[in-house]
Structure formats: structure tokens, C-alpha cells
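Participant: Before we start, here is the structure in question, set down as C-alpha cells.
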Number of protein chains: 2
Amino acid sequence: MDLKRYIRTVPNWPKPGVMFRDITTLLTSPEGFAQATDELAAHYRSLDFDKFAAIESRGFVFGAVLARAFNKPLVLLRKPGKLPAATERMEYSLEYGTDAIEVHKDAVSAGDRVVVIDDLLATGGTALAAIQLMEKLGGKVVEVGFVIDLPDVGGAKKLKAAGYTIFRLVQFEGD
Amino acid sequence: MDLKRYIRTVPNWPKPGVMFRDITTLLTSPEGFAQATDELAAHYRSLDFDKFAAIESRGFVFGAVLARAFNKPLVLLRKPGKLPAATERMEYSLEYGTDAIEVHKDAVSAGDRVVVIDDLLATGGTALAAIQLMEKLGGKVVEVGFVIDLPDVGGAKKLKAAGYTIFRLVQFEGD
């Protein structure tokens, strides 16, 4: 089945005019979740990389299944203040204000080839911060993988313009 | 290898006197992550249940792998304000103040047999709220599964006293 049919659209959330793409309905469908993770795994089978880095918190769902399937390390990219050992951090701009993501310094080594995983690509702000965070530790992000891309919001264009490769299972355009 | 050896202990975090048990070092070890998820899966193979419900956010890591391994639905139990469709919520007490967890109302149906998954059992406050949240929707929690139990903090005792079954892979007692 078309993967998009497992994804629920919730209009006007979190604010008027936004069509929110909700993956919880994909996760409660064993067929949908299997298809999504199998399609991601099939893609990554041909890529040369060392570890997955998953963005909190829905990225953890897909990153965990992939890391286990490939027998590769899973690195957690977390919101500030969640990681107990020595961390590196990268700030990024939001519509109003800034946010940041953190990673344990010893989770990525110089030369590591990293695949960053998140569920959804919108503005690309978090994904770009994740890439820069990996690079701060000497890692190389070989690809950023998403279940959903919202190309109208501009994230894919921004990441490609910065020289990075992205992969996504489905796209939702317009409203 | 003993699973505990994959788990890093960070002293005095998040506050003085606390020995924080850090699973990120288990996740960056493919052997450790495989062992933990295989041991959980081996246990759940003999249990009769319908779906996994995973607690945000480290619970997502283990819940996702289990849901995929068993071809069962994965329900996300999230912090307030994250779920876009109609939700049910359960508040619980913290040391100071209260917190809450939410779930989509249509993610659990009356009669569903649910296994709740989280990474760590400490006071049991979040786990008990998760159980009550499932019950509010008519579900029955057949077990709550954790990677780590800290029995000295009292969560296991509290959940058992309330009549619930727990399962954990490892225990850390004292400091």
C-alpha cells in the first residue's frame, strides 16, 4: 500500500493553516511500520556508513529499528539537558528564538560516517544543526534520512544547497 | 556479556548523590543493544498481548524494536502537547509539582492487552500514570517492561503493590 495512506493528516495543528502529518497512525499499523522501516533498510543496504544518529524523539523510533537491523551503533541526538556525560551542542534558530541539540562527545569519533535519521523534514533547521553537530565531532554525515518530506517548507532545498544528501520515503506537497 | 557492563554510570547527575545509569553507551554498542532487545523479545514471546505502548523518549528506542520484531502496533505515550489528534491524559506527581502523559484516544481500544515499555524504572510515577492512562481507554496492561530497575528508589515495589506485573533486564542497587 502507498505509505502515505498510513499517515494521518490533522488540519490546523499546531496552529491554524498547518496540515500536520501524523506518523502515530503508521506506528499503530504493523503493516505500515514494517513497510516504512523495510523501505529505509533497503535503501541503506547500499550505503557505506558506520552509525545511525537519531533525532529526539520520533527519530528514535526509526533510528532504533535501523540500528538494530544493521547491527550499527545508535547515537541519540537529544534536546538540551538530557544527556549525563560530556556533551557537544549546536544551537539553531526557530521562528522565534533559538533551540539546541546535544550529543555525547564520545558517541561520534573523527572520521565516522554517520546517517542522521528523523521522522519528518520541514524547515530543515534541526536536521542542519544535527549535521553540524556531527561535523563538530569530526564525523561526516553521508545522508539524512526521513520518513516524510514537506518540500514546500523548504528544508530539502536548504540541505541540498548546503551540499548534503537527503533521502525520504514520502512527500506531502501543498495543503 | 553482563548487560550491566554496557550501561555507563555517571555520578552526581542530574544532582549530587545520584548515580545516573546511562543507556546511551548500550545503544552505541551493537552487541549490547542486540542483547538487550533480544532478551526483551525472548521474554515477550511467551506473553499474550496485543500491542506495545512506549514511554517518551528513551522508551521509544526499545518499544520500536519490539513492535517491529513482534509485528504488533506501537503506541506512543508522549509528554503533553505533542500529539495532534484527540488525546487522553493522565497527570502524576513529581517531587515538586506535577507532570502528565498523553496518548491518542484511538490508539488503544477497550479490551486491548498492552505491554508498556520504558528504559528505566525509578519511582514508578510515570509508569503508573502510563498504566492508568491505558486503563482510562479500556486497555489492560499485562506487564510493564524496563531495561533497568532501580529497586532502592521504590518503583518496583509500588507497581507490584498496585497489582501490576513488571519485568526488567537488570537491576542496580545502592550506589
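Ligands are numbered from 1 in the order shown, chains are lettered A, B, ... in the order of the C-alpha cells, and residues start at 1 in each chain.
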Please find the residues of chain A near chain B - the criterion being any atom within 10 Å, counting only C-alpha atoms - and write them as a ChimeraX atom specification.
Facilitator: /A:8-14,20-22,24-34,37,51-54,56-76,78,81-85,103-104,106-108
Participant: Got a sec to tell me which of segment 18-146 of chain A DSSP assigns to helix (DSSP H, G or I), as a PyMOL selection string?
Facilitator: chain A and resi 24-27+30-44+58-70+105-107+125-136
Participant: Leu169 of chain B: which residues within 10 Å, counting only C-alpha atoms, same-chain residues fewer than 3 positions away excluded, as a PyMOL selection string?
Facilitator: chain B and resi 3-4+36-37+39-40+43+119-120+145-149
Participant: Just the selected residues (C-alpha atoms), exported as a PDB file, in the first residue's frame, please.
Facilitator:
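Saved result, again.pdb, follows:
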```
ATOM      1  CA  LEU B   3      24.261  -6.315  30.161  1.00  0.00           C
ATOM      2  CA  LYS B   4      25.141  -4.012  33.055  1.00  0.00           C
ATOM      3  CA  ALA B  36      19.047  -6.083  25.412  1.00  0.00           C
ATOM      4  CA  THR B  37      16.406  -6.198  22.683  1.00  0.00           C
ATOM      5  CA  GLU B  39      16.394 -10.616  25.870  1.00  0.00           C
ATOM      6  CA  LEU B  40      13.253  -8.475  25.961  1.00  0.00           C
ATOM      7  CA  HIS B  43      10.645 -12.778  27.343  1.00  0.00           C
ATOM      8  CA  ASP B 119      14.053   2.186  29.621  1.00  0.00           C
ATOM      9  CA  LEU B 120      14.257   2.701  33.384  1.00  0.00           C
ATOM     10  CA  GLY B 145       8.890  -3.883  30.851  1.00  0.00           C
ATOM     11  CA  PHE B 146      12.111  -2.000  31.554  1.00  0.00           C
ATOM     12  CA  VAL B 147      15.763  -2.385  30.695  1.00  0.00           C
ATOM     13  CA  ILE B 148      16.871  -1.110  34.116  1.00  0.00           C
ATOM     14  CA  ASP B 149      15.223  -1.261  37.540  1.00  0.00           C
TER      15      ASP B 149
END
```
Participant: Would you kindly return, as a list in words, each protein, DNA or RNA residue with an atom no farther than 8 Å from any atom of segment 88-95 of chain A, considering only C-alpha atoms and excluding same-chain residues fewer than 3 positions away?
Facilitator: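 In the requested form, the answer reads Pro80, Thr98, Asp99, Ala100, Ile101, Glu102, Val103, His104, Lys105, Gly125, Thr126, Ala129, Ala130, Gln132, Leu133, Lys136 and Leu137 of chain A.
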Participant: To one decimal in Å, tell me the separation between atom CA of Asp152 of chain A and atom CA of Leu121 of chain A.
Facilitator: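 Between these atoms lies a distance of 10.4 Å.
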Participant: Provide the atom CA of Ala110 of chain A to atom CA of Leu77 of chain A distance in Å, to one decimal place.
Facilitator: 17.0 Å
Participant: In terms of the shortest atom-to-atom distance over only C-alpha atoms, which of A:Phe172, A:Tyr6, A:Phe49, A:Tyr96 is closest to Ala122 of chain A?
Facilitator: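 Of A:Phe172, A:Tyr6, A:Phe49, A:Tyr96, the one nearest Ala122 of chain A, counting only C-alpha atoms, is A:Phe172.
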Participant: Could you pull out all residues of segment 90-123 of chain B with a DSSP call of strand (DSSP E or B) and give them as a list in words?
Facilitator: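 Taking segment 90-123 of chain B and keeping strand (DSSP E or B) gives Met90, Glu91, Tyr92, Ser93, Thr98, Asp99, Ala100, Ile101, Glu102, Val103, His104, Arg113, Val114, Val115, Val116, Ile117, Asp118, Asp119, Leu120 and Leu121 of chain B.
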Participant: If we count only C-alpha atoms, what is near Lys157 of chain A at a cut-off of 12 Å, once residues fewer than 4 positions away on the same chain are taken out, given as a list in words?
Facilitator: Leu121, Ala122, Thr123, Gly124, Gly125, Leu128, Asp149, Leu150, Pro151, Asp152, Val153, Ala161, Ala162, Gly163, Tyr164, Thr165 and Ile166 of chain A
Participant: Kindly give the distance, in Å, that separates atom CA of Asp112 of chain A and atom CA of Glu135 of chain A, rounded to a single decimal.
Facilitator: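 Atom CA of Glu135 of chain A lies 9.5 Å from atom CA of Asp112 of chain A.
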